[in-house]
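Undergrad: Just dropping this structure here.
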Amino acid sequence: MIWLDSDSPLYRHQMNEAPAETKRPRVNVRRPDVMELVSAEVAVHFHSSIVEKLRDQGGRITVGNTTLLLAEQFGFCYGVERAIDLAYASRRVFPENRIFLIGEIIHNPDVNRHLREMGIVSLPWQEMTSGYDTLTEDDVVIVPAFGAPTTFMEKVAERGCYVVDTTCGDVMKVWRRVRGYAKDGITSIIHGKANHEETRATASRALGEKGEGHYLVVLTLADVDFVCDFIRGGGDKEAFFKRFAGSHSPGFDPGLHLAKVGVANQTTMLKSETEEIQRRIRAAVTERDGDSSQFQVFDTICGATQERQDALIEMLRKPMDLLLVVGGYNSSNTAHLVEMAEPELPTFFIRGASCIRSLEEIVHYDLHRKEEVTSNYAALFAPEKPVTIGITAGASCPNNLIEETIFKVFELRGVDRAALGAE
Ligand code: SF4
C-alpha cells in the first residue's frame, strides 16, 4: 500500500496511526503544480462570489421587503476542503488509473456527482464486497474524510493499491482516544450513529491494536438511560442486546464491559446532547462505585461542528420568519443544525435551490419521519408580506448551493439577481 497524502505520515505518527508497510516510494499528490490546477477547478465547481460578498458585509441583505441572513459560520469545513482537494489531485496525478472511493467523500450529493463525473467510482462502505478483491496494484483508493474501518484499510493494503487517505485529523484524534481506552481496558461508549461511516471507522479502532477492546454505540438519551440503569444495577441482557443490536463490539457483555467506561463521540454530534450523555454516565458510575474513577471522557466534537452550532445559536437570537438549512440529507452535522432550530422557528432542511418550488411549496427532509416531504409554507412566504429568511448550511455544503438558494429565494420574491450585486 502506498500512502499519498503528503501530510499523512506526520499526522499518523502524531495520531499513533501507523500505516501499513510501504513497499514503494510515497507519491505526493499535493504537488504545487497539481494543487494550483486543483484550486482553480474546485473554485469553479464550488465557489460563490455572492456568498463571499454577503459574508464580507456582515451576512445580511435586504432588497424590497425581503431580508436574508446568513449564519456567521456555515458550509465547507477545513476537513472537507482538504478531502475534496486530495480527491481532485488524485485524478490529476493518476489520469490513467482506475480510482475508487470507499463510500462517499463527504455527505453531499453535488460534490459526489462531480467525483463520479471525473471517473471516480464509489465502492460499498457498509460491507466488504467481492469488488474489493478485484482491486489491483495499479488502482487508487481514496479514503473519505470520515475514515474507514480497519478491515477495509487492511483489505486495500493487501491488494497493494495506492491509497489517498483524506481522513480528517479531527476524526483521527477520536481514534487515538478510543485506542487508548482499549489499551487501558476501558470500554468506549461512542455517542454517534452506529451506521454512520465515521462511527463505524471509530468503533473499529475501539477494538484496540490487538482486538482486545470493546465498544458500545449510543445515539439517544433513552439509549443512555438504559445503559445507565445497567451500570447502576445490571438488568435484562436479552433486552440489552435487542436494543443495541449491531451497536456493540463482538463478545460484548454488559455485565463485564461496563465496569470501566470512557465516552467519545462522533465529531459531528450535538454538543449539548453529548455533554448531557457524559453527565448521565458519569453520575451512574459514581452512584455505583462511590466515585467516578472508572469513568473517562474526552470531548471529540470537532471545531468546525462547534463553530457552526455556536453561529446558529447566535443567529437564532435575531428575529427571523423561517430558516433554510442546506445540505445532504445524510449529513449528520447538518441534521443537528436542523434539530437545534426546529423548536425556535419554522425550519426547512433542503438539498438545494430546487427544493424551493414556489412561494407556496417547499420540498424538504423531515427528520422525524426520515423522508422527504412537501410542505405548504405560503403563510410564511407571501410576497406582500415582509419576510426575514435565515440560511445556514452544514460542513459538507458548498457555497455554490447556498448561492443558488439565495438567488431562488429572491427570484420568487420578484428580485433579480443583479439587484443582489451578482456578477
Ligand atoms: S466536520 Fe469536523 S471532523 Fe468532519 S471533516 Fe469537517 S472538520 Fe473534520
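To be explicit about the labels: the chains of the C-alpha cells are called A, B, and onward in the order shown, and within each one the residues are counted from 1, while ligands get numbers from 1 in the order they are shown.
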Which parts of range 218-381 of chain A does DSSP call strand (DSSP E) when run on the backbone here, written out as a PyMOL selection string?
TA: chain A and resi 218+261-265+295-297+322-326+347-350+361-366+371-376
Undergrad: Per residue of chain A within 8 Å of ligand 1, note the shortest atom pair and the distance in Å to one decimal, counting only C-alpha atoms and all ligand atoms, and order the rows by chain and increasing residue number, as CSV.
TA:
residue,atom,partner,partner_atom_place_in_ligand_line,distance
A:Phe76,CA,ligand 1,6 (Fe),7.4
A:Cys77,CA,ligand 1,6 (Fe),4.7
A:Tyr78,CA,ligand 1,7 (S),5.5
A:Gly79,CA,ligand 1,5 (S),3.8
A:Val80,CA,ligand 1,5 (S),4.8
A:Ala83,CA,ligand 1,5 (S),7.8
A:Ile106,CA,ligand 1,5 (S),7.9
A:Ala145,CA,ligand 1,5 (S),5.4
A:Phe146,CA,ligand 1,4 (Fe),6.5
A:Thr167,CA,ligand 1,5 (S),7.6
A:Cys168,CA,ligand 1,8 (Fe),4.6
A:Gly169,CA,ligand 1,8 (Fe),6.5
A:Asp170,CA,ligand 1,3 (S),4.9
A:Val171,CA,ligand 1,3 (S),5.2
A:Thr267,CA,ligand 1,3 (S),5.2
A:Thr268,CA,ligand 1,1 (S),5.8
A:Ile301,CA,ligand 1,2 (Fe),7.4
A:Cys302,CA,ligand 1,2 (Fe),4.6
A:Gly303,CA,ligand 1,2 (Fe),6.4
A:Ala304,CA,ligand 1,7 (S),5.0
A:Thr305,CA,ligand 1,1 (S),5.5
A:Asn333,CA,ligand 1,1 (S),6.9
A:Ala395,CA,ligand 1,1 (S),5.5
A:Ser396,CA,ligand 1,1 (S),7.4
Undergrad: Taking the DSSP secondary structure from the backbone, can you list the residues of range 224-301 of chain A that are alpha helix (DSSP H), as a PyMOL selection string?
TA: chain A and resi 224-233+237-243+254-257+271-289
Undergrad: Take the residues from that selection and put them in a file with N, CA and C atoms, as a short mmCIF file (atom, residue, chain, number, x, y, z; two decimals), in the first residue's frame.
TA:
data_model
loop_
_atom_site.label_atom_id
_atom_site.label_comp_id
_atom_site.auth_asym_id
_atom_site.auth_seq_id
_atom_site.Cartn_x
_atom_site.Cartn_y
_atom_site.Cartn_z
N VAL A 224 -28.99 6.03 26.49
CA VAL A 224 -28.04 6.28 27.58
C VAL A 224 -28.68 5.92 28.92
N ASP A 225 -29.95 6.27 29.10
CA ASP A 225 -30.62 5.93 30.37
C ASP A 225 -30.67 4.42 30.55
N PHE A 226 -30.89 3.71 29.46
CA PHE A 226 -30.92 2.24 29.50
C PHE A 226 -29.56 1.72 29.97
N VAL A 227 -28.49 2.27 29.38
CA VAL A 227 -27.13 1.85 29.75
C VAL A 227 -26.85 2.22 31.21
N CYS A 228 -27.29 3.41 31.61
CA CYS A 228 -27.04 3.86 32.99
C CYS A 228 -27.73 2.95 34.00
N ASP A 229 -28.93 2.51 33.67
CA ASP A 229 -29.63 1.58 34.57
C ASP A 229 -28.79 0.31 34.72
N PHE A 230 -28.23 -0.12 33.61
CA PHE A 230 -27.40 -1.34 33.65
C PHE A 230 -26.15 -1.10 34.49
N ILE A 231 -25.55 0.06 34.32
CA ILE A 231 -24.33 0.39 35.10
C ILE A 231 -24.68 0.37 36.59
N ARG A 232 -25.82 0.95 36.93
CA ARG A 232 -26.19 1.06 38.36
C ARG A 232 -26.50 -0.31 38.98
N GLY A 233 -27.24 -1.14 38.23
CA GLY A 233 -27.68 -2.36 38.91
C GLY A 233 -27.89 -3.56 38.01
N LYS A 237 -30.22 -8.86 30.05
CA LYS A 237 -29.24 -8.86 28.95
C LYS A 237 -29.92 -9.03 27.59
N GLU A 238 -30.97 -9.82 27.59
CA GLU A 238 -31.65 -10.04 26.31
C GLU A 238 -32.21 -8.72 25.76
N ALA A 239 -32.81 -7.95 26.67
CA ALA A 239 -33.35 -6.64 26.26
C ALA A 239 -32.21 -5.72 25.83
N PHE A 240 -31.08 -5.84 26.52
CA PHE A 240 -29.91 -5.01 26.19
C PHE A 240 -29.46 -5.30 24.76
N PHE A 241 -29.29 -6.58 24.45
CA PHE A 241 -28.78 -6.93 23.13
C PHE A 241 -29.80 -6.62 22.03
N LYS A 242 -31.07 -6.70 22.38
CA LYS A 242 -32.10 -6.37 21.40
C LYS A 242 -32.01 -4.87 21.06
N ARG A 243 -31.86 -4.07 22.09
CA ARG A 243 -31.82 -2.62 21.88
C ARG A 243 -30.56 -2.19 21.12
N PRO A 254 -22.54 -6.80 28.82
CA PRO A 254 -22.81 -5.61 29.63
C PRO A 254 -22.53 -5.84 31.11
N GLY A 255 -22.56 -7.10 31.53
CA GLY A 255 -22.26 -7.41 32.93
C GLY A 255 -20.78 -7.21 33.25
N LEU A 256 -19.93 -7.34 32.22
CA LEU A 256 -18.47 -7.21 32.42
C LEU A 256 -17.91 -5.91 31.87
N HIS A 257 -18.39 -5.55 30.70
CA HIS A 257 -17.70 -4.49 29.96
C HIS A 257 -18.21 -3.08 30.22
N LYS A 271 -23.56 19.24 20.51
CA LYS A 271 -22.71 19.41 21.70
C LYS A 271 -23.52 19.26 23.00
N SER A 272 -24.68 19.93 23.06
CA SER A 272 -25.44 19.91 24.31
C SER A 272 -25.84 18.48 24.66
N GLU A 273 -26.18 17.68 23.65
CA GLU A 273 -26.62 16.31 23.91
C GLU A 273 -25.44 15.45 24.36
N THR A 274 -24.31 15.64 23.72
CA THR A 274 -23.12 14.88 24.11
C THR A 274 -22.74 15.18 25.56
N GLU A 275 -22.84 16.46 25.93
CA GLU A 275 -22.50 16.83 27.32
C GLU A 275 -23.46 16.18 28.31
N GLU A 276 -24.73 16.12 27.93
CA GLU A 276 -25.73 15.51 28.82
C GLU A 276 -25.45 14.01 28.96
N ILE A 277 -25.05 13.40 27.87
CA ILE A 277 -24.73 11.97 27.89
C ILE A 277 -23.54 11.71 28.81
N GLN A 278 -22.53 12.54 28.68
CA GLN A 278 -21.36 12.41 29.56
C GLN A 278 -21.78 12.55 31.03
N ARG A 279 -22.63 13.53 31.30
CA ARG A 279 -23.06 13.79 32.69
C ARG A 279 -23.82 12.59 33.26
N ARG A 280 -24.72 12.04 32.46
CA ARG A 280 -25.55 10.92 32.96
C ARG A 280 -24.71 9.68 33.22
N ILE A 281 -23.76 9.41 32.32
CA ILE A 281 -22.95 8.19 32.51
C ILE A 281 -22.02 8.36 33.70
N ARG A 282 -21.44 9.55 33.83
CA ARG A 282 -20.58 9.80 34.99
C ARG A 282 -21.39 9.62 36.29
N ALA A 283 -22.62 10.15 36.32
CA ALA A 283 -23.46 10.05 37.52
C ALA A 283 -23.76 8.58 37.85
N ALA A 284 -24.02 7.78 36.81
CA ALA A 284 -24.34 6.37 37.04
C ALA A 284 -23.14 5.62 37.61
N VAL A 285 -21.94 5.90 37.05
CA VAL A 285 -20.73 5.22 37.53
C VAL A 285 -20.46 5.64 38.98
N THR A 286 -20.63 6.93 39.25
CA THR A 286 -20.38 7.44 40.61
C THR A 286 -21.35 6.81 41.60
N GLU A 287 -22.59 6.68 41.18
CA GLU A 287 -23.60 6.07 42.06
C GLU A 287 -23.24 4.61 42.36
N ARG A 288 -22.75 3.93 41.34
CA ARG A 288 -22.39 2.52 41.53
C ARG A 288 -21.13 2.35 42.39
N ASP A 289 -20.09 3.18 42.12
CA ASP A 289 -18.78 2.95 42.73
C ASP A 289 -18.47 3.87 43.91
#
Undergrad: Can you tell me, as a ChimeraX atom specification, what residues are no more than 7 Å from Pro386 in chain A when counting only C-alpha atoms, ignoring any on the same chain fewer than 2 positions away?
TA: /A:65-66,384
Undergrad: How close does each residue of range 319-347 of chain A get to range 355-367 of chain A, giving the shortest atom pair and distance in Å to one decimal for every residue with an atom at most 10 Å away, counting only C-alpha atoms, sorted by chain and residue number, as a Markdown table?
TA:
| residue | atom | partner | partner_atom | distance |
| --- | --- | --- | --- | --- |
| A:Leu324 | CA | A:His364 | CA | 9.5 |
| A:Val325 | CA | A:His364 | CA | 9.6 |
| A:Val326 | CA | A:His364 | CA | 9.7 |
| A:Gly328 | CA | A:Tyr365 | CA | 9.6 |
| A:Tyr329 | CA | A:Tyr365 | CA | 6.7 |
| A:Asn330 | CA | A:Tyr365 | CA | 10.0 |
| A:Ala335 | CA | A:Leu367 | CA | 7.5 |
| A:His336 | CA | A:Leu367 | CA | 9.8 |
| A:Val338 | CA | A:Leu367 | CA | 8.3 |
| A:Glu339 | CA | A:Leu367 | CA | 8.1 |
| A:Thr347 | CA | A:His364 | CA | 9.4 |
Undergrad: I need the residues from that last selection saved to file as a PDB file, in the first residue's frame (with C-alpha atoms), if you can.
TA:
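Final file, selection18.pdb:
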ATOM      1  CA  LEU A 324     -33.409  27.179   5.453  1.00  0.00           C
ATOM      2  CA  VAL A 325     -30.708  24.646   6.328  1.00  0.00           C
ATOM      3  CA  VAL A 326     -28.909  23.500   3.189  1.00  0.00           C
ATOM      4  CA  GLY A 328     -27.151  16.490   2.147  1.00  0.00           C
ATOM      5  CA  TYR A 329     -29.927  14.623   3.945  1.00  0.00           C
ATOM      6  CA  ASN A 330     -27.434  12.051   5.267  1.00  0.00           C
ATOM      7  CA  ALA A 335     -29.203  17.391  10.678  1.00  0.00           C
ATOM      8  CA  HIS A 336     -28.089  18.660  14.096  1.00  0.00           C
ATOM      9  CA  VAL A 338     -31.969  21.459  11.922  1.00  0.00           C
ATOM     10  CA  GLU A 339     -32.664  19.876  15.327  1.00  0.00           C
ATOM     11  CA  THR A 347     -37.119  25.270   9.687  1.00  0.00           C
TER      12      THR A 347
END
Undergrad: Closest to Tyr162 in chain A among A:Phe407, A:Phe74, A:Tyr181, A:Phe94, using only C-alpha atoms?
TA: A:Phe94
Undergrad: Give me, please, the distance in Å between CA of Glu371 in chain A and CA of Ile350 in chain A, quoted to one decimal.
TA: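 Interatomic distance here is 11.7 Å.
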Undergrad: May I have the residues within 10 Å of Ala341 in chain A as a ChimeraX atom specification, using only C-alpha atoms and disregarding those fewer than 3 positions away in the same chain?
TA: /A:309,312-313,315-316,322-325,336-338,344-348
Undergrad: Find the residue from A:Lys155, A:Lys53, A:Arg177, A:Arg116 that sits nearest to Leu420 in chain A; use only C-alpha atoms when measuring.
TA: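 Closest to Leu420 in chain A, using only C-alpha atoms: A:Lys53.
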